[in-house]
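Text of my_file18.cif, listed as mmCIF, C-alpha atoms:
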data_model
loop_
_atom_site.group_PDB
_atom_site.id
_atom_site.type_symbol
_atom_site.label_atom_id
_atom_site.label_comp_id
_atom_site.auth_asym_id
_atom_site.auth_seq_id
_atom_site.Cartn_x
_atom_site.Cartn_y
_atom_site.Cartn_z
ATOM 1 C CA MET A 1 -31.649 -84.897 -145.538
ATOM 2 C CA LYS A 2 -34.446 -87.262 -144.517
ATOM 3 C CA ILE A 3 -33.638 -86.802 -140.817
ATOM 4 C CA ARG A 4 -33.653 -83.040 -141.284
ATOM 5 C CA SER A 5 -37.079 -83.213 -142.940
ATOM 6 C CA ILE A 6 -38.434 -85.362 -140.104
ATOM 7 C CA LEU A 7 -37.085 -82.972 -137.469
ATOM 8 C CA LEU A 8 -38.584 -80.020 -139.324
ATOM 9 C CA ASN A 9 -41.989 -81.708 -139.489
ATOM 10 C CA LEU A 10 -41.813 -82.556 -135.790
ATOM 11 C CA ALA A 11 -40.954 -78.945 -134.961
ATOM 12 C CA VAL A 12 -43.891 -77.673 -137.038
ATOM 13 C CA ALA A 13 -46.222 -80.203 -135.389
ATOM 14 C CA LEU A 14 -45.013 -79.140 -131.928
ATOM 15 C CA ILE A 15 -45.567 -75.453 -132.691
ATOM 16 C CA ALA A 16 -49.044 -76.232 -134.059
ATOM 17 C CA LEU A 17 -49.854 -78.201 -130.903
ATOM 18 C CA ILE A 18 -48.722 -75.328 -128.673
ATOM 19 C CA VAL A 19 -50.824 -72.842 -130.652
ATOM 20 C CA LEU A 20 -53.943 -75.017 -130.838
ATOM 21 C CA PHE A 21 -53.887 -76.421 -127.298
ATOM 22 C CA PRO A 22 -55.491 -73.356 -125.596
ATOM 23 C CA LEU A 23 -58.332 -73.373 -128.147
ATOM 24 C CA VAL A 24 -58.926 -77.098 -127.792
ATOM 25 C CA TRP A 25 -58.852 -76.901 -123.993
ATOM 26 C CA MET A 26 -61.213 -73.914 -124.047
ATOM 27 C CA ALA A 27 -63.712 -75.926 -126.081
ATOM 28 C CA SER A 28 -63.267 -78.963 -123.829
ATOM 29 C CA VAL A 29 -63.861 -76.946 -120.634
ATOM 30 C CA SER A 30 -67.075 -75.497 -122.066
ATOM 31 C CA PHE A 31 -68.593 -79.004 -122.039
ATOM 32 C CA MET A 32 -67.531 -79.821 -118.447
ATOM 33 C CA PRO A 33 -69.957 -79.843 -115.493
ATOM 34 C CA THR A 34 -69.817 -76.758 -113.273
ATOM 35 C CA GLY A 35 -66.676 -76.646 -111.103
ATOM 36 C CA GLU A 36 -64.774 -79.446 -112.812
ATOM 37 C CA ALA A 37 -62.257 -77.125 -114.498
ATOM 38 C CA ALA A 38 -61.321 -75.629 -111.105
ATOM 39 C CA THR A 39 -59.928 -78.919 -109.801
ATOM 40 C CA PHE A 40 -56.173 -79.567 -109.675
ATOM 41 C CA PRO A 41 -54.704 -80.685 -111.932
ATOM 42 C CA PRO A 42 -57.220 -79.370 -114.464
ATOM 43 C CA PRO A 43 -58.739 -82.190 -116.543
ATOM 44 C CA LEU A 44 -58.157 -82.215 -120.286
ATOM 45 C CA VAL A 45 -61.509 -83.775 -121.191
ATOM 46 C CA PRO A 46 -64.862 -83.661 -119.397
ATOM 47 C CA SER A 47 -65.786 -86.536 -117.102
ATOM 48 C CA ARG A 48 -69.351 -85.964 -118.313
ATOM 49 C CA TRP A 49 -70.169 -84.022 -121.487
ATOM 50 C CA THR A 50 -72.900 -81.439 -120.993
ATOM 51 C CA LEU A 51 -74.501 -78.560 -122.910
ATOM 52 C CA GLU A 52 -75.832 -76.857 -119.791
ATOM 53 C CA HIS A 53 -73.528 -73.835 -120.119
ATOM 54 C CA TYR A 54 -74.539 -73.159 -123.718
ATOM 55 C CA GLN A 55 -78.181 -73.510 -122.719
ATOM 56 C CA ASP A 56 -77.610 -71.045 -119.877
ATOM 57 C CA LEU A 57 -75.954 -68.558 -122.225
ATOM 58 C CA PHE A 58 -78.748 -68.540 -124.787
ATOM 59 C CA LEU A 59 -81.754 -69.099 -122.515
ATOM 60 C CA ASN A 60 -80.793 -66.996 -119.478
ATOM 61 C CA GLN A 61 -77.933 -64.654 -120.414
ATOM 62 C CA GLY A 62 -79.231 -63.288 -123.733
ATOM 63 C CA MET A 63 -76.254 -64.519 -125.752
ATOM 64 C CA GLY A 64 -78.399 -64.841 -128.888
ATOM 65 C CA ARG A 65 -79.047 -61.090 -128.830
ATOM 66 C CA TYR A 66 -75.350 -60.273 -128.438
ATOM 67 C CA LEU A 67 -74.444 -62.728 -131.183
ATOM 68 C CA TRP A 68 -76.866 -61.014 -133.549
ATOM 69 C CA ASN A 69 -75.513 -57.566 -132.574
ATOM 70 C CA SER A 70 -71.954 -58.627 -133.383
ATOM 71 C CA PHE A 71 -72.953 -60.276 -136.653
ATOM 72 C CA ALA A 72 -75.023 -57.298 -137.827
ATOM 73 C CA LEU A 73 -72.371 -54.722 -136.908
ATOM 74 C CA ALA A 74 -69.489 -56.724 -138.402
ATOM 75 C CA THR A 75 -71.414 -57.349 -141.631
ATOM 76 C CA LEU A 76 -72.433 -53.710 -142.036
ATOM 77 C CA ALA A 77 -68.915 -52.544 -141.166
ATOM 78 C CA THR A 78 -67.479 -54.833 -143.846
ATOM 79 C CA ILE A 79 -69.939 -53.688 -146.518
ATOM 80 C CA LEU A 80 -69.414 -49.994 -145.737
ATOM 81 C CA ALA A 81 -65.629 -50.294 -145.508
ATOM 82 C CA LEU A 82 -65.401 -52.060 -148.868
ATOM 83 C CA SER A 83 -67.814 -49.576 -150.461
ATOM 84 C CA PHE A 84 -65.576 -46.638 -149.518
ATOM 85 C CA THR A 85 -62.099 -48.149 -149.505
ATOM 86 C CA VAL A 86 -62.029 -50.192 -152.725
ATOM 87 C CA PRO A 87 -63.006 -47.316 -155.075
ATOM 88 C CA ALA A 88 -60.635 -44.961 -153.225
ATOM 89 C CA GLY A 89 -57.737 -47.414 -153.453
ATOM 90 C CA TYR A 90 -58.349 -47.901 -157.169
ATOM 91 C CA ALA A 91 -58.519 -44.137 -157.707
ATOM 92 C CA PHE A 92 -55.182 -43.585 -155.971
ATOM 93 C CA ALA A 93 -53.623 -46.332 -158.104
ATOM 94 C CA LYS A 94 -54.995 -45.661 -161.585
ATOM 95 C CA LEU A 95 -56.854 -42.348 -161.833
ATOM 96 C CA LYS A 96 -55.004 -39.058 -162.248
ATOM 97 C CA PHE A 97 -56.106 -36.057 -160.187
ATOM 98 C CA ALA A 98 -54.396 -33.045 -158.690
ATOM 99 C CA GLY A 99 -52.372 -33.729 -155.538
ATOM 100 C CA ARG A 100 -52.827 -37.502 -155.735
ATOM 101 C CA GLU A 101 -49.317 -38.486 -154.647
ATOM 102 C CA ARG A 102 -49.044 -35.792 -151.972
ATOM 103 C CA LEU A 103 -52.406 -36.720 -150.491
ATOM 104 C CA PHE A 104 -51.551 -40.416 -150.495
ATOM 105 C CA GLN A 105 -48.235 -39.741 -148.742
ATOM 106 C CA LEU A 106 -50.097 -37.716 -146.114
ATOM 107 C CA LEU A 107 -52.547 -40.561 -145.543
ATOM 108 C CA VAL A 108 -49.770 -43.144 -145.247
ATOM 109 C CA ALA A 109 -47.955 -40.904 -142.755
ATOM 110 C CA ALA A 110 -51.122 -40.925 -140.622
ATOM 111 C CA LEU A 111 -50.727 -44.689 -140.185
ATOM 112 C CA VAL A 112 -48.135 -44.073 -137.461
ATOM 113 C CA VAL A 113 -50.715 -42.227 -135.330
ATOM 114 C CA PRO A 114 -52.328 -44.645 -132.821
ATOM 115 C CA ALA A 115 -56.057 -44.997 -133.374
ATOM 116 C CA GLN A 116 -56.703 -44.574 -129.630
ATOM 117 C CA ILE A 117 -55.660 -40.913 -129.864
ATOM 118 C CA GLY A 118 -58.770 -40.124 -131.883
ATOM 119 C CA THR A 119 -61.157 -41.999 -129.600
ATOM 120 C CA LEU A 120 -62.090 -39.052 -127.359
ATOM 121 C CA PRO A 121 -62.545 -36.473 -130.154
ATOM 122 C CA LEU A 122 -64.586 -38.986 -132.152
ATOM 123 C CA PHE A 123 -66.781 -39.751 -129.144
ATOM 124 C CA LEU A 124 -67.406 -36.045 -128.482
ATOM 125 C CA MET A 125 -68.235 -35.470 -132.148
ATOM 126 C CA LEU A 126 -70.699 -38.363 -132.218
ATOM 127 C CA LYS A 127 -72.200 -37.217 -128.932
ATOM 128 C CA GLY A 128 -72.894 -33.834 -130.499
ATOM 129 C CA MET A 129 -74.563 -35.600 -133.419
ATOM 130 C CA GLY A 130 -76.716 -37.733 -131.107
ATOM 131 C CA LEU A 131 -75.130 -41.023 -132.217
ATOM 132 C CA VAL A 132 -74.032 -42.307 -128.798
ATOM 133 C CA ASN A 133 -75.593 -45.706 -127.983
ATOM 134 C CA THR A 134 -76.500 -46.298 -131.626
ATOM 135 C CA TYR A 135 -75.263 -48.816 -134.150
ATOM 136 C CA ALA A 136 -74.494 -45.935 -136.511
ATOM 137 C CA GLY A 137 -72.037 -44.560 -133.963
ATOM 138 C CA ALA A 138 -70.453 -47.985 -133.534
ATOM 139 C CA LEU A 139 -69.935 -48.229 -137.313
ATOM 140 C CA VAL A 140 -68.241 -44.855 -137.859
ATOM 141 C CA PRO A 141 -64.609 -45.981 -137.218
ATOM 142 C CA TRP A 142 -65.013 -48.728 -139.821
ATOM 143 C CA LEU A 143 -66.286 -46.547 -142.672
ATOM 144 C CA ALA A 144 -62.805 -46.183 -144.154
ATOM 145 C CA SER A 145 -59.332 -47.397 -143.302
ATOM 146 C CA ILE A 146 -55.998 -45.933 -144.395
ATOM 147 C CA PHE A 147 -54.429 -49.365 -144.175
ATOM 148 C CA GLY A 148 -57.210 -50.825 -146.323
ATOM 149 C CA LEU A 149 -56.787 -48.014 -148.854
ATOM 150 C CA PHE A 150 -53.050 -48.701 -148.987
ATOM 151 C CA LEU A 151 -53.667 -52.431 -149.399
ATOM 152 C CA VAL A 152 -56.112 -51.947 -152.285
ATOM 153 C CA ARG A 153 -53.899 -49.366 -154.002
ATOM 154 C CA GLN A 154 -50.858 -51.627 -153.925
ATOM 155 C CA TYR A 155 -52.841 -54.464 -155.457
ATOM 156 C CA ALA A 156 -54.551 -52.223 -158.031
ATOM 157 C CA LEU A 157 -51.162 -51.088 -159.330
ATOM 158 C CA SER A 158 -50.831 -54.535 -160.934
ATOM 159 C CA ILE A 159 -53.762 -53.855 -163.297
ATOM 160 C CA PRO A 160 -52.252 -53.113 -166.751
ATOM 161 C CA ASP A 161 -52.916 -49.551 -167.916
ATOM 162 C CA GLU A 162 -53.284 -50.912 -171.454
ATOM 163 C CA MET A 163 -56.329 -52.963 -170.385
ATOM 164 C CA LEU A 164 -58.046 -49.906 -168.950
ATOM 165 C CA GLU A 165 -57.200 -47.747 -171.964
ATOM 166 C CA ALA A 166 -58.520 -50.412 -174.331
ATOM 167 C CA ALA A 167 -61.811 -50.449 -172.438
ATOM 168 C CA ARG A 168 -62.055 -46.655 -172.652
ATOM 169 C CA ILE A 169 -61.376 -46.732 -176.386
ATOM 170 C CA ASP A 170 -64.181 -49.285 -176.774
ATOM 171 C CA GLY A 171 -66.518 -46.771 -175.173
ATOM 172 C CA ALA A 172 -66.761 -48.161 -171.641
ATOM 173 C CA SER A 173 -67.479 -45.627 -168.915
ATOM 174 C CA GLU A 174 -65.393 -45.432 -165.762
ATOM 175 C CA GLY A 175 -68.215 -47.108 -163.871
ATOM 176 C CA GLN A 176 -68.340 -49.985 -166.311
ATOM 177 C CA ILE A 177 -64.555 -50.366 -166.189
ATOM 178 C CA PHE A 178 -64.663 -50.466 -162.423
ATOM 179 C CA ARG A 179 -67.472 -53.043 -162.263
ATOM 180 C CA ARG A 180 -66.416 -55.331 -165.114
ATOM 181 C CA ILE A 181 -62.616 -55.160 -165.021
ATOM 182 C CA VAL A 182 -61.364 -53.738 -161.743
ATOM 183 C CA LEU A 183 -63.610 -55.526 -159.244
ATOM 184 C CA PRO A 184 -63.007 -59.050 -160.666
ATOM 185 C CA THR A 185 -59.267 -58.359 -160.757
ATOM 186 C CA LEU A 186 -59.274 -57.105 -157.171
ATOM 187 C CA GLN A 187 -61.260 -60.069 -155.821
ATOM 188 C CA PRO A 188 -58.421 -61.570 -153.697
ATOM 189 C CA ILE A 189 -57.607 -58.274 -151.996
ATOM 190 C CA ILE A 190 -61.305 -57.433 -151.549
ATOM 191 C CA VAL A 191 -61.846 -60.733 -149.717
ATOM 192 C CA THR A 192 -58.685 -60.121 -147.679
ATOM 193 C CA LEU A 193 -59.737 -56.617 -146.699
ATOM 194 C CA GLY A 194 -63.292 -57.756 -145.975
ATOM 195 C CA LEU A 195 -61.930 -60.465 -143.707
ATOM 196 C CA PHE A 196 -59.717 -57.947 -141.916
ATOM 197 C CA VAL A 197 -62.638 -55.601 -141.309
ATOM 198 C CA PHE A 198 -65.078 -58.322 -140.272
ATOM 199 C CA LEU A 199 -62.625 -59.871 -137.799
ATOM 200 C CA GLY A 200 -61.590 -56.468 -136.464
ATOM 201 C CA SER A 201 -65.170 -55.319 -135.970
ATOM 202 C CA TRP A 202 -66.249 -58.657 -134.462
ATOM 203 C CA ASN A 203 -63.380 -58.691 -131.950
ATOM 204 C CA ASP A 204 -63.401 -54.967 -131.169
ATOM 205 C CA PHE A 205 -63.900 -54.312 -127.476
ATOM 206 C CA LEU A 206 -62.839 -50.737 -126.706
ATOM 207 C CA TRP A 207 -65.024 -48.723 -129.097
ATOM 208 C CA PRO A 208 -68.307 -50.653 -128.523
ATOM 209 C CA LEU A 209 -67.647 -50.404 -124.789
ATOM 210 C CA ILE A 210 -67.368 -46.608 -125.099
ATOM 211 C CA ILE A 211 -70.146 -45.862 -127.577
ATOM 212 C CA LEU A 212 -72.797 -48.448 -126.590
ATOM 213 C CA THR A 213 -74.252 -47.721 -123.158
ATOM 214 C CA ASP A 214 -77.383 -49.891 -123.301
ATOM 215 C CA GLN A 215 -76.694 -53.530 -122.428
ATOM 216 C CA ALA A 216 -79.207 -54.685 -125.064
ATOM 217 C CA ASN A 217 -76.882 -53.209 -127.720
ATOM 218 C CA TYR A 218 -73.701 -54.909 -126.468
ATOM 219 C CA THR A 219 -71.557 -56.909 -128.839
ATOM 220 C CA LEU A 220 -70.146 -60.310 -127.858
ATOM 221 C CA PRO A 221 -66.764 -59.134 -126.456
ATOM 222 C CA VAL A 222 -68.416 -56.445 -124.308
ATOM 223 C CA ALA A 223 -71.205 -58.792 -123.185
ATOM 224 C CA LEU A 224 -68.673 -61.495 -122.293
ATOM 225 C CA ALA A 225 -66.670 -59.027 -120.206
ATOM 226 C CA ALA A 226 -69.825 -57.928 -118.386
ATOM 227 C CA LEU A 227 -70.820 -61.557 -117.860
ATOM 228 C CA SER A 228 -67.421 -62.397 -116.401
ATOM 229 C CA ARG A 229 -67.933 -59.862 -113.611
ATOM 230 C CA GLU A 230 -71.113 -61.639 -112.537
ATOM 231 C CA HIS A 231 -69.854 -65.211 -113.019
ATOM 232 C CA VAL A 232 -66.152 -64.839 -112.290
ATOM 233 C CA GLN A 233 -65.990 -68.266 -110.611
ATOM 234 C CA ASP A 234 -67.922 -70.095 -113.318
ATOM 235 C CA VAL A 235 -65.009 -71.002 -115.586
ATOM 236 C CA GLU A 236 -67.030 -73.410 -117.695
ATOM 237 C CA LEU A 237 -69.677 -70.787 -118.495
ATOM 238 C CA MET A 238 -66.987 -68.262 -119.457
ATOM 239 C CA MET A 239 -65.311 -70.786 -121.733
ATOM 240 C CA ALA A 240 -68.646 -71.517 -123.402
ATOM 241 C CA GLY A 241 -69.045 -67.797 -124.019
ATOM 242 C CA ALA A 242 -65.531 -67.644 -125.445
ATOM 243 C CA VAL A 243 -66.327 -70.526 -127.808
ATOM 244 C CA VAL A 244 -69.456 -68.728 -129.028
ATOM 245 C CA THR A 245 -67.338 -65.615 -129.639
ATOM 246 C CA VAL A 246 -64.426 -67.332 -131.378
ATOM 247 C CA ALA A 247 -66.109 -70.116 -133.376
ATOM 248 C CA PRO A 248 -67.904 -67.984 -136.040
ATOM 249 C CA VAL A 249 -64.831 -65.964 -137.013
ATOM 250 C CA LEU A 250 -62.599 -69.039 -136.902
ATOM 251 C CA ILE A 251 -64.926 -70.866 -139.310
ATOM 252 C CA LEU A 252 -65.076 -67.786 -141.551
ATOM 253 C CA PHE A 253 -61.294 -67.479 -141.642
ATOM 254 C CA LEU A 254 -60.798 -71.154 -142.463
ATOM 255 C CA ALA A 255 -63.378 -70.914 -145.256
ATOM 256 C CA LEU A 256 -61.716 -67.858 -146.835
ATOM 257 C CA GLN A 257 -58.064 -68.473 -145.984
ATOM 258 C CA ARG A 258 -57.006 -69.277 -149.560
ATOM 259 C CA TYR A 259 -58.284 -65.872 -150.738
ATOM 260 C CA TYR A 260 -56.661 -64.237 -147.722
ATOM 261 C CA ILE A 261 -53.256 -65.802 -148.442
ATOM 262 C CA ARG A 262 -53.484 -64.926 -152.146
ATOM 263 C CA GLY A 263 -54.364 -61.340 -151.330
ATOM 264 C CA MET A 264 -51.606 -60.892 -148.779
ATOM 265 C CA LEU A 265 -48.899 -62.485 -150.946
ATOM 266 C CA ALA A 266 -49.913 -60.568 -154.054
ATOM 267 C CA GLY A 267 -50.398 -57.278 -152.256
ATOM 268 C CA SER A 268 -46.988 -57.555 -150.615
ATOM 269 C CA VAL A 269 -45.082 -57.441 -153.897
ATOM 270 C CA LYS A 270 -47.040 -54.853 -155.861
ATOM 271 C CA GLY A 271 -46.032 -51.244 -156.468
#
Write-out of the structure in structure tokens:
Amino acid sequence: MKIRSILLNLAVALIALIVLFPLVWMASVSFMPTGEAATFPPPLVPSRWTLEHYQDLFLNQGMGRYLWNSFALATLATILALSFTVPAGYAFAKLKFAGRERLFQLLVAALVVPAQIGTLPLFLMLKGMGLVNTYAGALVPWLASIFGLFLVRQYALSIPDEMLEAARIDGASEGQIFRRIVLPTLQPIIVTLGLFVFLGSWNDFLWPLIILTDQANYTLPVALAALSREHVQDVELMMAGAVVTVAPVLILFLALQRYYIRGMLAGSVKG
């Protein structure tokens, strides 16, 4: 039994090493002098640690602007998505209205439709509204999510009906019930959904590439792709850009992972 436990721990450590190695090497390369990563065999650690590539990104390549664009869009997308999705998910779980089950089934069925199919119609619609090359246009796909609605509904089903009825008998309005009872109860799934939306918006490449035509409005993934065309041979600079793109969301995920795990485990067994 002890040998089996040791072997299992070694296997887990090996898998973790395989998963983490590209990230660690990416960070290491970003501190190497120009051209060092192109040597063979590639070095694992810099011969001389330098911040020149990060300085180049922020002083010459406008990375600070792109970082702010990504942060602003991801934050607004998260706030808007939660504002629409959480009340809707709660309504589908606990409020009675005509056609509730049929409408929910229709929405769930739409999950099988690839999001890319709606890209062209959405772009043409936003073009007609004059929202091309605007942050408002970039935010539209994140206003509501069927998956997020499903996630919130499944979690909200765990709220006891007796608790809600008791609050109504005590004279609480639906708004008060939602603010004082529902939102605190849904905290794990709200954090989970917020993390999903923030990470998805931060890492999204296709839609910002389509809707944002002005380079000053680029988000980090789009800006990094544009930068790679100009500096295709500068591996160290590209790795520094990748670190700037990955580090904020990695830190955010590590900070909120306990809420994320609670939300996913709880939401997977409800309903």
Test item: residues at most 9 Å from Thr219 of chain A, only C-alpha atoms, excluding those fewer than 4 positions along its chain, as a list in words:
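So, after excluding close chain neighbours, the residues are Arg65, Tyr66, Leu67, Trp68, Asn69, Ser70, Phe71, Leu73, Trp202, Asn203, Asp204, Phe205, Pro208, Leu209, Leu212, Gln215, Ala223 and Leu224 of chain A.
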Write the residues you've just listed into a file as a short mmCIF file (atom, residue, chain, number, x, y, z; two decimals), in the frame of the given file, and include C-alpha atoms for each of them.
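That gives us again_27.cif:
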data_model
loop_
_atom_site.label_atom_id
_atom_site.label_comp_id
_atom_site.auth_asym_id
_atom_site.auth_seq_id
_atom_site.Cartn_x
_atom_site.Cartn_y
_atom_site.Cartn_z
CA ARG A 65 -79.05 -61.09 -128.83
CA TYR A 66 -75.35 -60.27 -128.44
CA LEU A 67 -74.44 -62.73 -131.18
CA TRP A 68 -76.87 -61.01 -133.55
CA ASN A 69 -75.51 -57.57 -132.57
CA SER A 70 -71.95 -58.63 -133.38
CA PHE A 71 -72.95 -60.28 -136.65
CA LEU A 73 -72.37 -54.72 -136.91
CA TRP A 202 -66.25 -58.66 -134.46
CA ASN A 203 -63.38 -58.69 -131.95
CA ASP A 204 -63.40 -54.97 -131.17
CA PHE A 205 -63.90 -54.31 -127.48
CA PRO A 208 -68.31 -50.65 -128.52
CA LEU A 209 -67.65 -50.40 -124.79
CA LEU A 212 -72.80 -48.45 -126.59
CA GLN A 215 -76.69 -53.53 -122.43
CA ALA A 223 -71.20 -58.79 -123.18
CA LEU A 224 -68.67 -61.50 -122.29
#
Selected residue of minimal separation from Gly137 of chain A among A:Ala77, A:Ala98, A:Val182, A:Leu227, counting all atoms listed in the file:
A:Ala77
Among listed residues A:Val19, A:Ala38, A:Ala88, A:Val244, nearest Met63 of chain A (using all atoms listed in the file)
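For Met63 of chain A, the nearest of the candidates is A:Val244.
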Give as a PyMOL selection string the set of residues within 8 Å of the point (-65.9, -85.5, -119.3), where distances use the file's coordinates and all atoms listed in the file.
chain A and resi 31-33+45-49
Nearby residues (only C-alpha atoms) at most 6 Å from Gly89 of chain A, same-chain spacing under 3 positions excluded, as a list in words:
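Here the qualifying residues turn out to be Thr85, Val86, Phe92, Leu149, Val152 and Arg153 of chain A.
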Residue among A:Ser30, A:Gly62, A:Thr39, A:Gly130 lying closest to Ala216 of chain A, counting all atoms listed in the file
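When distances to Ala216 of chain A are compared using all atoms listed in the file, the smallest one comes from A:Gly62.
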The PyMOL selection byres ((chain A and resi 196-200) around 8) - which residues does that actually catch in the file I just gave you? List them as a ChimeraX atom specification.
/A:74-75,77-78,81,142,192-195,201-204,249
What separates atom CA of Leu237 of chain A and atom CA of Ala138 of chain A is a distance of 27.3 Å
Applying the PyMOL selection byres ((chain A and resi 161) around 12) to the file I just gave you, which residues come out? Please list them as a ChimeraX atom specification.
/A:93-95,156-160,162-168,177,181-182
Mind writing the picked residues with C-alpha atoms as a compact mmCIF listing (two decimals), in the frame of the given file?
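In the end it all went to result-v3.txt:
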# COMPACT_ATOMS: atom_id res chain seq x y z
CA ALA A 93 -53.62 -46.33 -158.10
CA LYS A 94 -55.00 -45.66 -161.58
CA LEU A 95 -56.85 -42.35 -161.83
CA ALA A 156 -54.55 -52.22 -158.03
CA LEU A 157 -51.16 -51.09 -159.33
CA SER A 158 -50.83 -54.54 -160.93
CA ILE A 159 -53.76 -53.86 -163.30
CA PRO A 160 -52.25 -53.11 -166.75
CA GLU A 162 -53.28 -50.91 -171.45
CA MET A 163 -56.33 -52.96 -170.38
CA LEU A 164 -58.05 -49.91 -168.95
CA GLU A 165 -57.20 -47.75 -171.96
CA ALA A 166 -58.52 -50.41 -174.33
CA ALA A 167 -61.81 -50.45 -172.44
CA ARG A 168 -62.06 -46.66 -172.65
CA ILE A 177 -64.56 -50.37 -166.19
CA ILE A 181 -62.62 -55.16 -165.02
CA VAL A 182 -61.36 -53.74 -161.74
In Å to one decimal, how far is atom CA of Ile15 of chain A from atom CA of Tyr259 of chain A?
24.1 Å
Å distance separating atom CA of Lys127 of chain A from atom CA of Ser83 of chain A, one decimal place
25.2 Å
Would you kindly identify which residues have an atom no farther than 12 Å from (-65.4, -69.2, -122.1), using only C-alpha atoms and the file's own coordinates, and write them out as JSON, numbers by chain?
{"A": [22, 23, 24, 25, 26, 27, 28, 29, 30, 31, 32, 37, 53, 54, 57, 220, 221, 223, 224, 225, 227, 228, 231, 232, 233, 234, 235, 236, 237, 238, 239, 240, 241, 242, 243, 244, 245, 246, 247]}
